[in-house]
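Okay, model27.cif is below, mmCIF, C-alpha atoms:
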```
data_entry
loop_
_atom_site.label_atom_id
_atom_site.label_comp_id
_atom_site.auth_asym_id
_atom_site.auth_seq_id
_atom_site.Cartn_x
_atom_site.Cartn_y
_atom_site.Cartn_z
CA MET A 30 -26.60 8.78 7.98
CA ASP A 31 -22.85 9.10 7.72
CA THR A 32 -21.82 12.12 5.71
CA GLN A 33 -18.20 12.10 6.74
CA GLU A 34 -15.87 13.52 4.12
CA LEU A 35 -12.58 11.80 3.36
CA ALA A 36 -9.48 13.99 3.27
CA VAL A 37 -8.31 14.90 -0.24
CA THR A 38 -4.68 14.03 -0.91
CA PRO A 39 -2.46 14.75 -3.92
CA ARG A 40 -3.21 11.21 -5.15
CA THR A 41 -6.97 11.36 -4.74
CA ARG A 42 -7.53 14.93 -5.91
CA LEU A 43 -9.39 14.71 -9.21
CA ARG A 44 -7.62 16.47 -12.02
CA ARG A 45 -10.16 15.84 -14.76
CA ASN A 46 -13.94 16.24 -14.55
CA HIS A 47 -13.71 17.11 -10.88
CA GLN A 48 -17.46 17.71 -10.81
CA ARG A 49 -17.73 13.92 -11.03
CA GLY A 50 -15.62 13.43 -7.90
CA ASP A 51 -16.91 12.62 -4.47
CA PHE A 52 -15.12 12.22 -1.17
CA ASP A 53 -18.17 11.41 0.89
CA ARG A 54 -17.64 8.19 2.80
CA GLU A 55 -21.21 7.10 2.28
CA THR A 56 -20.89 7.40 -1.50
CA VAL A 57 -17.60 5.50 -1.46
CA ASN A 58 -19.12 2.74 0.69
CA SER A 59 -22.22 2.42 -1.48
CA ILE A 60 -20.07 1.81 -4.57
CA LEU A 61 -17.88 -0.71 -2.76
CA ASP A 62 -21.03 -2.53 -1.65
CA ALA A 63 -22.64 -2.49 -5.10
CA THR A 64 -20.36 -5.14 -6.55
CA THR A 65 -18.12 -7.96 -5.40
CA LEU A 66 -15.48 -7.44 -8.10
CA CYS A 67 -12.49 -5.17 -7.62
CA HIS A 68 -9.14 -4.73 -9.33
CA VAL A 69 -6.02 -4.52 -7.17
CA GLY A 70 -2.90 -2.81 -8.52
CA TYR A 71 0.45 -3.75 -7.01
CA LEU A 72 4.07 -3.91 -8.07
CA VAL A 73 6.03 -6.86 -9.42
CA ASP A 74 9.73 -6.01 -9.71
CA GLY A 75 8.81 -2.34 -9.69
CA LYS A 76 6.26 -2.67 -12.49
CA PRO A 77 2.49 -2.43 -12.17
CA ALA A 78 0.23 -5.49 -12.22
CA VAL A 79 -3.56 -5.51 -11.91
CA THR A 80 -5.44 -8.56 -10.63
CA PRO A 81 -9.22 -8.89 -10.44
CA THR A 82 -10.50 -10.30 -7.19
CA ILE A 83 -13.50 -10.33 -4.86
CA HIS A 84 -13.62 -7.76 -2.07
CA TRP A 85 -15.85 -7.11 0.91
CA ARG A 86 -16.26 -4.21 3.29
CA GLU A 87 -16.49 -4.13 7.07
CA GLY A 88 -17.11 -0.62 8.37
CA ASP A 89 -14.31 1.63 7.16
CA HIS A 90 -12.06 -1.19 5.95
CA VAL A 91 -12.00 -3.15 2.72
CA TYR A 92 -10.76 -6.73 2.54
CA TRP A 93 -9.71 -9.19 -0.12
CA HIS A 94 -8.29 -12.70 0.10
CA GLY A 95 -6.79 -15.62 -1.71
CA SER A 96 -4.30 -18.41 -1.49
CA SER A 97 -1.38 -17.76 0.83
CA ALA A 98 0.81 -18.69 -2.15
CA SER A 99 -0.66 -15.94 -4.33
CA ARG A 100 1.94 -13.60 -5.82
CA ALA A 101 -0.65 -10.82 -5.99
CA LEU A 102 -1.23 -11.07 -2.23
CA ARG A 103 2.41 -11.47 -1.29
CA ASN A 104 3.29 -8.40 -3.37
CA SER A 105 0.44 -6.43 -1.79
CA GLU A 106 1.13 -7.23 1.85
CA GLY A 107 2.95 -4.30 3.43
CA HIS A 108 3.31 -2.68 0.03
CA ASP A 109 1.55 0.11 -1.79
CA VAL A 110 -1.61 -0.96 -3.55
CA CYS A 111 -4.51 0.70 -5.29
CA LEU A 112 -7.83 -1.08 -5.01
CA THR A 113 -10.31 0.06 -7.65
CA VAL A 114 -13.98 -0.84 -7.90
CA SER A 115 -15.97 0.20 -10.95
CA LEU A 116 -19.40 -0.40 -12.38
CA LEU A 117 -20.15 0.38 -16.00
CA ASP A 118 -23.75 1.63 -15.92
CA GLY A 119 -24.22 2.55 -19.55
CA MET A 120 -22.90 3.87 -22.83
CA VAL A 121 -23.67 7.50 -23.65
CA LEU A 122 -24.22 8.24 -27.32
CA ALA A 123 -23.76 11.88 -28.29
CA ARG A 124 -24.05 13.85 -31.53
CA SER A 125 -20.29 14.01 -31.97
CA ALA A 126 -17.75 11.25 -31.38
CA PHE A 127 -15.95 13.55 -28.95
CA HIS A 128 -18.86 13.77 -26.54
CA HIS A 129 -19.60 10.08 -26.41
CA SER A 130 -19.08 8.87 -22.89
CA ALA A 131 -19.90 6.17 -20.39
CA ASN A 132 -21.92 6.23 -17.20
CA TYR A 133 -20.10 4.62 -14.33
CA ARG A 134 -19.47 4.54 -10.61
CA SER A 135 -15.91 3.98 -9.43
CA VAL A 136 -13.82 4.13 -6.30
CA MET A 137 -10.04 4.16 -5.94
CA ILE A 138 -8.49 3.36 -2.57
CA TYR A 139 -4.78 3.82 -1.95
CA GLY A 140 -2.91 2.23 0.92
CA HIS A 141 -0.88 -0.72 2.06
CA GLY A 142 -2.30 -4.22 2.22
CA LYS A 143 -2.21 -5.43 5.83
CA LYS A 144 -2.42 -9.13 6.56
CA VAL A 145 -4.92 -10.44 9.10
CA THR A 146 -2.66 -12.67 11.19
CA ASP A 147 -4.73 -13.71 14.20
CA ILE A 148 -6.37 -17.06 13.42
CA ASP A 149 -9.65 -16.21 15.16
CA GLU A 150 -9.83 -12.84 13.46
CA LYS A 151 -9.24 -14.59 10.12
CA ALA A 152 -12.12 -16.97 10.79
CA ASP A 153 -14.34 -14.02 11.76
CA LYS A 154 -13.43 -12.14 8.61
CA LEU A 155 -14.17 -15.10 6.36
CA ARG A 156 -17.46 -15.61 8.12
CA ASN A 157 -18.31 -11.94 7.56
CA PHE A 158 -17.32 -12.32 3.91
CA VAL A 159 -19.64 -15.26 3.30
CA GLU A 160 -22.44 -13.68 5.34
CA THR A 161 -22.13 -10.42 3.40
CA LEU A 162 -22.67 -12.31 0.17
CA PHE A 163 -25.12 -14.97 1.34
CA PRO A 164 -26.69 -14.19 4.72
CA GLY A 165 -27.19 -17.32 6.78
CA ARG A 166 -24.93 -19.52 4.67
CA TRP A 167 -21.91 -19.78 6.97
CA ASP A 168 -23.65 -21.91 9.59
CA MET A 169 -24.96 -24.28 6.92
CA LEU A 170 -21.47 -25.08 5.61
CA ARG A 171 -18.98 -27.72 6.57
CA PRO A 172 -16.81 -25.81 9.11
CA MET A 173 -13.43 -24.35 8.07
CA THR A 174 -10.42 -26.43 9.06
CA ASP A 175 -7.26 -24.96 10.56
CA GLN A 176 -5.40 -26.03 7.47
CA GLU A 177 -7.81 -24.13 5.24
CA LEU A 178 -7.42 -21.05 7.42
CA LYS A 179 -3.65 -21.30 7.15
CA ALA A 180 -3.83 -21.70 3.39
CA THR A 181 -5.85 -18.50 3.11
CA THR A 182 -4.41 -15.01 3.25
CA ILE A 183 -6.68 -12.07 4.02
CA LEU A 184 -5.50 -8.53 3.34
CA GLY A 185 -7.26 -5.43 4.60
CA MET A 186 -6.88 -1.72 4.14
CA PRO A 187 -8.54 1.30 5.75
CA ILE A 188 -10.79 3.28 3.44
CA GLU A 189 -8.95 6.51 4.13
CA GLU A 190 -7.10 7.73 1.06
CA ALA A 191 -10.00 7.17 -1.30
CA SER A 192 -12.23 8.91 -3.78
CA ALA A 193 -15.30 8.12 -5.82
CA LYS A 194 -16.02 9.21 -9.36
CA VAL A 195 -19.48 8.99 -10.85
CA ARG A 196 -21.05 9.90 -14.18
CA THR A 197 -24.79 9.75 -14.70
CA GLY A 198 -27.24 11.17 -17.18
CA GLY A 199 -27.39 11.77 -20.89
CA PRO A 200 -24.95 13.20 -23.41
CA ILE A 201 -23.72 16.75 -23.05
CA ASP A 202 -23.25 18.01 -26.57
CA ASP A 203 -21.93 21.25 -27.98
CA GLU A 204 -24.88 23.64 -28.03
CA GLU A 205 -24.94 24.00 -31.83
CA ASP A 206 -24.96 20.21 -32.30
CA TYR A 207 -28.41 19.90 -30.75
CA GLU A 208 -29.83 21.11 -34.07
CA LEU A 209 -28.44 18.08 -35.88
CA PRO A 210 -30.78 15.17 -36.70
CA ILE A 211 -28.62 12.63 -34.87
CA TRP A 212 -30.09 10.11 -32.45
CA SER A 213 -28.45 10.39 -29.07
CA GLY A 214 -29.20 8.91 -25.69
CA ILE A 215 -28.18 6.40 -23.09
CA LEU A 216 -27.77 2.66 -23.46
CA PRO A 217 -28.10 1.42 -19.85
CA LEU A 218 -26.25 -1.70 -18.73
CA VAL A 219 -27.04 -3.79 -15.70
CA HIS A 220 -25.42 -6.80 -14.14
CA THR A 221 -28.20 -9.27 -13.48
CA LEU A 222 -28.55 -12.70 -11.98
CA GLN A 223 -29.68 -15.62 -14.04
CA ARG A 224 -31.46 -18.68 -12.72
CA PRO A 225 -29.23 -20.57 -10.23
CA VAL A 226 -27.78 -23.85 -11.48
CA PRO A 227 -27.86 -26.52 -8.76
CA ASP A 228 -24.88 -28.83 -8.56
CA PRO A 229 -25.81 -32.22 -10.06
CA ARG A 230 -24.34 -33.85 -6.98
CA ASN A 231 -26.65 -32.07 -4.53
CA LEU A 232 -28.36 -34.67 -2.34
CA ARG A 233 -32.01 -35.40 -3.08
CA GLY A 234 -34.37 -33.19 -1.12
CA VAL A 235 -31.82 -30.46 -0.39
CA ALA A 236 -33.69 -27.23 -1.12
CA MET A 237 -32.10 -24.06 -2.41
CA PRO A 238 -31.75 -21.66 0.55
CA ASP A 239 -33.27 -18.20 0.30
CA HIS A 240 -29.85 -16.55 0.43
CA VAL A 241 -29.08 -17.77 -3.08
CA LEU A 242 -31.82 -15.71 -4.68
CA ALA A 243 -31.31 -12.90 -2.17
CA PHE A 244 -27.88 -12.29 -3.69
CA ALA A 245 -28.43 -9.03 -5.46
CA ARG A 246 -24.88 -7.84 -5.80
CA PRO A 247 -23.30 -8.25 -9.20
CA MET B 14 -8.97 -19.69 -37.07
CA ASP B 15 -5.99 -18.23 -35.30
CA THR B 16 -4.57 -20.63 -32.76
CA GLN B 17 -1.31 -18.80 -32.24
CA GLU B 18 0.15 -19.23 -28.78
CA LEU B 19 1.61 -16.25 -26.96
CA ALA B 20 5.03 -16.69 -25.42
CA VAL B 21 4.98 -17.30 -21.67
CA THR B 22 7.17 -14.89 -19.70
CA PRO B 23 8.06 -14.76 -16.00
CA ARG B 24 5.31 -12.15 -15.59
CA THR B 25 2.60 -14.05 -17.40
CA ARG B 26 3.38 -17.55 -16.19
CA LEU B 27 0.51 -18.58 -13.94
CA ARG B 28 1.63 -19.56 -10.48
CA ARG B 29 -1.75 -20.50 -9.07
CA ASN B 30 -4.44 -22.63 -10.68
CA HIS B 31 -2.42 -22.91 -13.86
CA GLN B 32 -5.04 -25.20 -15.36
CA ARG B 33 -7.14 -22.06 -15.67
CA GLY B 34 -4.49 -20.30 -17.74
CA ASP B 35 -4.52 -19.83 -21.46
CA PHE B 36 -2.00 -18.29 -23.79
CA ASP B 37 -3.96 -18.82 -26.96
CA ARG B 38 -4.32 -15.55 -28.85
CA GLU B 39 -7.87 -16.35 -29.90
CA THR B 40 -8.95 -16.85 -26.28
CA VAL B 41 -7.25 -13.62 -25.23
CA ASN B 42 -8.91 -11.71 -28.07
CA SER B 43 -12.34 -13.13 -27.36
CA ILE B 44 -12.18 -11.91 -23.75
CA LEU B 45 -10.93 -8.46 -24.80
CA ASP B 46 -13.84 -8.27 -27.25
CA ALA B 47 -16.45 -9.42 -24.74
CA THR B 48 -16.49 -6.16 -22.79
CA THR B 49 -15.60 -2.51 -23.24
CA LEU B 50 -14.34 -2.01 -19.69
CA CYS B 51 -10.72 -2.51 -18.70
CA HIS B 52 -8.56 -1.49 -15.76
CA VAL B 53 -5.16 0.03 -16.47
CA GLY B 54 -2.44 -0.12 -13.84
CA TYR B 55 0.36 2.46 -13.98
CA LEU B 56 2.72 4.19 -11.60
CA VAL B 57 2.34 7.56 -9.90
CA ASP B 58 5.52 8.54 -8.08
CA GLY B 59 6.54 4.89 -8.08
CA LYS B 60 3.27 3.68 -6.58
CA PRO B 61 0.53 1.71 -8.31
CA ALA B 62 -2.70 3.31 -9.48
CA VAL B 63 -5.57 1.56 -11.29
CA THR B 64 -7.98 3.47 -13.51
CA PRO B 65 -11.05 1.99 -15.22
CA THR B 66 -11.43 2.97 -18.84
CA ILE B 67 -12.88 1.81 -22.16
CA HIS B 68 -10.66 -0.20 -24.49
CA TRP B 69 -10.92 -1.52 -28.00
CA ARG B 70 -8.91 -4.01 -30.04
CA GLU B 71 -7.55 -3.79 -33.56
CA GLY B 72 -5.87 -7.01 -34.63
CA ASP B 73 -3.07 -7.76 -32.20
CA HIS B 74 -3.13 -4.35 -30.49
CA VAL B 75 -5.31 -2.98 -27.73
CA TYR B 76 -6.10 0.75 -27.45
CA TRP B 77 -7.48 3.11 -24.85
CA HIS B 78 -7.95 6.87 -24.88
CA GLY B 79 -8.87 9.95 -22.94
CA SER B 80 -8.14 13.59 -22.43
CA SER B 81 -4.62 14.65 -23.33
CA ALA B 82 -4.52 16.19 -19.84
CA SER B 83 -5.22 12.85 -18.14
CA ARG B 84 -2.67 11.89 -15.53
CA ALA B 85 -3.45 8.22 -16.08
CA LEU B 86 -2.54 8.53 -19.77
CA ARG B 87 0.52 10.71 -19.22
CA ASN B 88 1.84 8.23 -16.66
CA SER B 89 1.15 5.31 -19.02
CA GLU B 90 2.77 6.72 -22.16
CA GLY B 91 6.20 5.21 -22.56
CA HIS B 92 5.91 3.60 -19.15
CA ASP B 93 5.12 0.13 -17.89
CA VAL B 94 1.42 -0.61 -17.65
CA CYS B 95 -0.75 -3.62 -17.03
CA LEU B 96 -4.11 -3.62 -18.80
CA THR B 97 -6.55 -6.06 -17.25
CA VAL B 98 -9.96 -7.05 -18.58
CA SER B 99 -12.24 -9.20 -16.48
CA LEU B 100 -15.79 -10.46 -16.59
CA LEU B 101 -17.44 -11.89 -13.52
CA ASP B 102 -19.64 -14.67 -14.87
CA GLY B 103 -21.03 -16.07 -11.65
CA MET B 104 -20.65 -16.95 -8.02
CA VAL B 105 -19.87 -20.58 -7.19
CA LEU B 106 -21.40 -21.88 -3.96
CA ALA B 107 -19.70 -24.94 -2.50
CA ARG B 108 -20.29 -27.14 0.52
CA SER B 109 -17.42 -25.55 2.43
CA ALA B 110 -16.50 -21.87 2.61
CA PHE B 111 -13.04 -22.76 1.37
CA HIS B 112 -14.26 -24.09 -1.97
CA HIS B 113 -16.55 -21.19 -2.76
CA SER B 114 -15.32 -19.51 -5.91
CA ALA B 115 -16.25 -17.27 -8.79
CA ASN B 116 -16.55 -17.97 -12.49
CA TYR B 117 -14.74 -15.39 -14.56
CA ARG B 118 -12.81 -14.64 -17.71
CA SER B 119 -9.82 -12.34 -17.44
CA VAL B 120 -6.86 -11.13 -19.46
CA MET B 121 -3.72 -9.35 -18.28
CA ILE B 122 -1.55 -7.56 -20.82
CA TYR B 123 1.83 -6.12 -19.88
CA GLY B 124 3.69 -3.53 -21.92
CA HIS B 125 4.35 0.14 -22.47
CA GLY B 126 1.63 2.53 -23.54
CA LYS B 127 2.54 4.00 -26.93
CA LYS B 128 0.93 7.22 -28.06
CA VAL B 129 -0.65 7.44 -31.51
CA THR B 130 0.89 10.67 -32.74
CA ASP B 131 -0.04 10.92 -36.43
CA ILE B 132 -3.23 12.98 -36.70
CA ASP B 133 -4.70 10.88 -39.52
CA GLU B 134 -3.93 7.67 -37.67
CA LYS B 135 -5.61 9.13 -34.59
CA ALA B 136 -8.74 9.91 -36.59
CA ASP B 137 -8.70 6.39 -38.04
CA LYS B 138 -8.33 4.84 -34.61
CA LEU B 139 -11.22 6.84 -33.15
CA ARG B 140 -13.35 5.89 -36.12
CA ASN B 141 -12.50 2.24 -35.57
CA PHE B 142 -13.34 2.65 -31.88
CA VAL B 143 -16.81 4.06 -32.55
CA GLU B 144 -17.46 1.56 -35.35
CA THR B 145 -16.43 -1.34 -33.13
CA LEU B 146 -19.02 -0.28 -30.58
CA PHE B 147 -21.74 1.00 -32.92
CA PRO B 148 -21.29 -0.09 -36.55
CA GLY B 149 -22.38 2.65 -38.94
CA ARG B 150 -22.47 5.41 -36.35
CA TRP B 151 -19.30 7.32 -37.27
CA ASP B 152 -20.62 8.64 -40.58
CA MET B 153 -23.86 9.83 -38.92
CA LEU B 154 -21.98 12.01 -36.42
CA ARG B 155 -20.91 15.61 -36.58
CA PRO B 156 -17.29 15.22 -37.83
CA MET B 157 -14.34 15.44 -35.40
CA THR B 158 -12.58 18.79 -35.34
CA ASP B 159 -8.81 19.18 -35.31
CA GLN B 160 -9.08 20.67 -31.85
CA GLU B 161 -10.95 17.63 -30.58
CA LEU B 162 -8.34 15.34 -32.09
CA LYS B 163 -5.58 17.33 -30.37
CA ALA B 164 -7.41 17.20 -27.05
CA THR B 165 -7.58 13.40 -27.27
CA THR B 166 -4.73 11.05 -26.45
CA ILE B 167 -4.82 7.49 -27.72
CA LEU B 168 -2.49 4.89 -26.29
CA GLY B 169 -1.89 1.49 -27.82
CA MET B 170 -0.04 -1.63 -26.85
CA PRO B 171 0.74 -4.88 -28.64
CA ILE B 172 -1.01 -7.94 -27.23
CA GLU B 173 2.24 -9.82 -26.77
CA GLU B 174 3.07 -10.31 -23.12
CA ALA B 175 -0.41 -11.46 -22.17
CA SER B 176 -2.34 -14.29 -20.61
CA ALA B 177 -5.92 -15.28 -20.05
CA LYS B 178 -7.38 -16.94 -17.01
CA VAL B 179 -10.79 -18.55 -17.04
CA ARG B 180 -12.89 -20.44 -14.52
CA THR B 181 -16.14 -22.12 -15.54
CA GLY B 182 -18.37 -24.78 -14.10
CA GLY B 183 -19.68 -25.76 -10.71
CA PRO B 184 -18.09 -26.14 -7.31
CA ILE B 185 -15.30 -28.64 -6.76
CA ASP B 186 -15.71 -29.88 -3.22
CA ASP B 187 -13.71 -32.24 -1.09
CA GLU B 188 -14.92 -35.72 -1.94
CA GLU B 189 -16.29 -36.46 1.55
CA ASP B 190 -18.29 -33.22 1.56
CA TYR B 191 -20.53 -34.43 -1.26
CA GLU B 192 -22.39 -36.50 1.32
CA LEU B 193 -23.45 -33.37 3.22
CA PRO B 194 -26.99 -32.04 2.73
CA ILE B 195 -25.78 -28.58 1.66
CA TRP B 196 -27.16 -26.83 -1.42
CA SER B 197 -24.39 -25.95 -3.82
CA GLY B 198 -24.37 -24.65 -7.33
CA ILE B 199 -23.70 -21.69 -9.60
CA LEU B 200 -25.30 -18.28 -9.49
CA PRO B 201 -24.72 -16.99 -13.04
CA LEU B 202 -24.30 -13.25 -13.66
CA VAL B 203 -24.73 -11.48 -16.97
CA HIS B 204 -24.25 -7.91 -18.05
CA THR B 205 -27.36 -7.00 -20.01
CA LEU B 206 -28.66 -4.00 -21.89
CA GLN B 207 -31.77 -2.22 -20.77
CA ARG B 208 -34.10 -0.24 -22.99
CA PRO B 209 -32.25 2.72 -24.58
CA VAL B 210 -33.16 6.14 -23.19
CA PRO B 211 -33.41 8.72 -26.00
CA ASP B 212 -32.07 12.18 -25.23
CA PRO B 213 -35.01 14.55 -24.57
CA ARG B 214 -33.42 17.01 -26.99
CA ASN B 215 -33.41 14.60 -29.95
CA LEU B 216 -35.11 16.29 -32.90
CA ARG B 217 -38.61 15.11 -33.74
CA GLY B 218 -38.64 12.31 -36.25
CA VAL B 219 -35.07 11.18 -35.60
CA ALA B 220 -35.30 7.40 -35.37
CA MET B 221 -33.06 5.24 -33.22
CA PRO B 222 -30.46 3.62 -35.51
CA ASP B 223 -30.12 -0.15 -35.53
CA HIS B 224 -26.60 0.05 -34.12
CA VAL B 225 -27.95 1.11 -30.73
CA LEU B 226 -29.74 -2.17 -30.14
CA ALA B 227 -27.03 -4.11 -31.93
CA PHE B 228 -24.64 -3.20 -29.12
CA ALA B 229 -24.27 -6.51 -27.40
CA ARG B 230 -21.09 -5.99 -25.48
CA PRO B 231 -20.91 -6.51 -22.14
#
```
Can you present the structure in this file as structure tokens?
Amino acid sequence: MDTQELAVTPRTRLRRNHQRGDFDRETVNSILDATTLCHVGYLVDGKPAVTPTIHWREGDHVYWHGSSASRALRNSEGHDVCLTVSLLDGMVLARSAFHHSANYRSVMIYGHGKKVTDIDEKADKLRNFVETLFPGRWDMLRPMTDQELKATTILGMPIEEASAKVRTGGPIDDEEDYELPIWSGILPLVHTLQRPVPDPRNLRGVAMPDHVLAFARP
Amino acid sequence: MDTQELAVTPRTRLRRNHQRGDFDRETVNSILDATTLCHVGYLVDGKPAVTPTIHWREGDHVYWHGSSASRALRNSEGHDVCLTVSLLDGMVLARSAFHHSANYRSVMIYGHGKKVTDIDEKADKLRNFVETLFPGRWDMLRPMTDQELKATTILGMPIEEASAKVRTGGPIDDEEDYELPIWSGILPLVHTLQRPVPDPRNLRGVAMPDHVLAFARP
């Protein structure tokens, strides 16, 4: 079990609710792996922009990808970015408005987006991406073409300047408010799969592979 | 029905997949209202940072809030921000890796965070926030104190320089790939509520109000 701690920097030091902070690499990784959706912040003409995209992790690096023509990727390559992953796990209803809260898990990673330039490494990364989501799928697919590889940009970033922030549990009210007859508690939220919808143009007799239902990452 | 179109600016013009773009105010509003979670991008020492937070909408403005000591809020007040809301609605499995995709609804709003300074307006906004989430709850709660109001910063922004981007439907494969015996389709994802968890310190006989189960967002 990896219990390596990430170094705290001025950017990652938690100023508020620092008891919710965590710099353990294993915690950071588990949150990154718990969802496919991240939000990447980058600059456009010196102003912030935030684009949602799909990420994946390989060891101590995080990756994201898109069209080589994407402005979000071009403005992230070699530039400062912040990649944030968050899961909203529930609403927390307290006895005062002030102590209402949310349960969540989040990670912020600061760094520079670095392009994967080697064509074989790109193919490997995309294979890892698909296999992370749907194990066994890559080899079932029509192979990537060189043109598709060229049209795809992959950016990566080491998970070094990073922190996690987590809130769990019920409301924490002012002590005197516990005497009030106000219902409080947690309203848990989960991201769940619904029944897969086969493409109407699937060929007759083509069965749904196990990896479709094995997908358990929101 | 409001079908007002938002003006397209160099920042909001969609460069990629522009058929997925939408500048209709009603579409933008419906996505903002479909979840409570947003990601706000702002600058720290000239570099991007992205913080997840809860937002709410009142008419043609979006609001978010937090501790008055929050760095994210202090760096957003009077400064350029990008507030992004996104919902991941499903994974799209195609016959080639290249045409795999995701179904989603997202909104990006650019602007400057503006602090709500009037104390009565702040109280109104927080009331609207709670009532948006849990109709009828505000009047059941222990009233806000002046100190709590002072400790809370609310930022708002007009929904003016904004765009929506939406993908729905199944995979769109290369025409010749439809002859391949590869399962393709959609794996839909939904954010659902689980059974509420009452606080163990709720007083005996305090019933769960209807607004808890009425919460149907995200």
Counting only C-alpha atoms, chain B residues within 7 Å of chain A, as JSON, numbers by chain: {"B": [29, 54, 55, 56, 60, 61, 62, 63, 65, 83, 93, 94, 95, 97, 99, 108, 109, 110, 111, 153, 154, 155, 156, 157, 161, 183, 191, 194, 195, 196, 197, 198, 199, 200, 201, 202, 203, 204, 205, 206, 207, 208, 209, 210, 211, 212, 214, 215, 216, 219, 220, 221]}
Just write the chosen residues, C-alpha atoms, as an mmCIF file, in the frame of the given file.
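Contents of the output file selection.cif:
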```cif
data_model
loop_
_atom_site.group_PDB
_atom_site.id
_atom_site.type_symbol
_atom_site.label_atom_id
_atom_site.label_comp_id
_atom_site.auth_asym_id
_atom_site.auth_seq_id
_atom_site.Cartn_x
_atom_site.Cartn_y
_atom_site.Cartn_z
ATOM 1 C CA ARG B 29 -1.750 -20.500 -9.070
ATOM 2 C CA GLY B 54 -2.440 -0.120 -13.840
ATOM 3 C CA TYR B 55 0.360 2.460 -13.980
ATOM 4 C CA LEU B 56 2.720 4.190 -11.600
ATOM 5 C CA LYS B 60 3.270 3.680 -6.580
ATOM 6 C CA PRO B 61 0.530 1.710 -8.310
ATOM 7 C CA ALA B 62 -2.700 3.310 -9.480
ATOM 8 C CA VAL B 63 -5.570 1.560 -11.290
ATOM 9 C CA PRO B 65 -11.050 1.990 -15.220
ATOM 10 C CA SER B 83 -5.220 12.850 -18.140
ATOM 11 C CA ASP B 93 5.120 0.130 -17.890
ATOM 12 C CA VAL B 94 1.420 -0.610 -17.650
ATOM 13 C CA CYS B 95 -0.750 -3.620 -17.030
ATOM 14 C CA THR B 97 -6.550 -6.060 -17.250
ATOM 15 C CA SER B 99 -12.240 -9.200 -16.480
ATOM 16 C CA ARG B 108 -20.290 -27.140 0.520
ATOM 17 C CA SER B 109 -17.420 -25.550 2.430
ATOM 18 C CA ALA B 110 -16.500 -21.870 2.610
ATOM 19 C CA PHE B 111 -13.040 -22.760 1.370
ATOM 20 C CA MET B 153 -23.860 9.830 -38.920
ATOM 21 C CA LEU B 154 -21.980 12.010 -36.420
ATOM 22 C CA ARG B 155 -20.910 15.610 -36.580
ATOM 23 C CA PRO B 156 -17.290 15.220 -37.830
ATOM 24 C CA MET B 157 -14.340 15.440 -35.400
ATOM 25 C CA GLU B 161 -10.950 17.630 -30.580
ATOM 26 C CA GLY B 183 -19.680 -25.760 -10.710
ATOM 27 C CA TYR B 191 -20.530 -34.430 -1.260
ATOM 28 C CA PRO B 194 -26.990 -32.040 2.730
ATOM 29 C CA ILE B 195 -25.780 -28.580 1.660
ATOM 30 C CA TRP B 196 -27.160 -26.830 -1.420
ATOM 31 C CA SER B 197 -24.390 -25.950 -3.820
ATOM 32 C CA GLY B 198 -24.370 -24.650 -7.330
ATOM 33 C CA ILE B 199 -23.700 -21.690 -9.600
ATOM 34 C CA LEU B 200 -25.300 -18.280 -9.490
ATOM 35 C CA PRO B 201 -24.720 -16.990 -13.040
ATOM 36 C CA LEU B 202 -24.300 -13.250 -13.660
ATOM 37 C CA VAL B 203 -24.730 -11.480 -16.970
ATOM 38 C CA HIS B 204 -24.250 -7.910 -18.050
ATOM 39 C CA THR B 205 -27.360 -7.000 -20.010
ATOM 40 C CA LEU B 206 -28.660 -4.000 -21.890
ATOM 41 C CA GLN B 207 -31.770 -2.220 -20.770
ATOM 42 C CA ARG B 208 -34.100 -0.240 -22.990
ATOM 43 C CA PRO B 209 -32.250 2.720 -24.580
ATOM 44 C CA VAL B 210 -33.160 6.140 -23.190
ATOM 45 C CA PRO B 211 -33.410 8.720 -26.000
ATOM 46 C CA ASP B 212 -32.070 12.180 -25.230
ATOM 47 C CA ARG B 214 -33.420 17.010 -26.990
ATOM 48 C CA ASN B 215 -33.410 14.600 -29.950
ATOM 49 C CA LEU B 216 -35.110 16.290 -32.900
ATOM 50 C CA VAL B 219 -35.070 11.180 -35.600
ATOM 51 C CA ALA B 220 -35.300 7.400 -35.370
ATOM 52 C CA MET B 221 -33.060 5.240 -33.220
#
```
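Here CA of Glu188 in chain B stands at a distance of 19.7 Å from CA of Gln32 in chain B.
Rounded to one decimal, CA of Thr145 in chain B and CA of Trp69 in chain B lie 7.5 Å from each other.
If you measure from each of A:Gln33, A:Arg54, A:Gly142, A:Glu189 to Ala101 in chain A using all atoms listed in the file, the closest one turns out to be A:Gly142.
Of the residues under consideration (B:Ala136, B:Ala227, B:Thr48, B:Ser89), B:Ala136 shows the shortest atom-to-atom contact distance to Gln160 in chain B when counting only C-alpha atoms.
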Atom pair CA of Glu174 in chain B / CA of Leu184 in chain A: separation (Å): 27.9 Å
Close residues, Ile148 in chain A itself excluded, 10 Å, only C-alpha atoms, min 3 positions apart in chain, as a PyMOL selection string: chain A and resi 145+151-154+175+178-179
Coordinates of box centre and edge lengths for range 82-88 of chain B, 4 Å on every side, axis-aligned, as lines of an AutoDock Vina configuration file:
```
center_x = -1.7
center_y = 12.2
center_z = -17.7
size_x = 15.1
size_y = 16.0
size_z = 12.3
```
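Nearest to Glu134 in chain B of all the residues B:Ile167, B:Ile172, B:Val21, B:Val75 is B:Ile167, based on only C-alpha atoms.
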Near-Lys144 in chain A list (10 Å; only C-alpha atoms; drop same-chain fewer than 2 positions) as number ranges by chain: A: 92-94, 102-103, 105-107, 141-142, 146-147, 151, 182-186
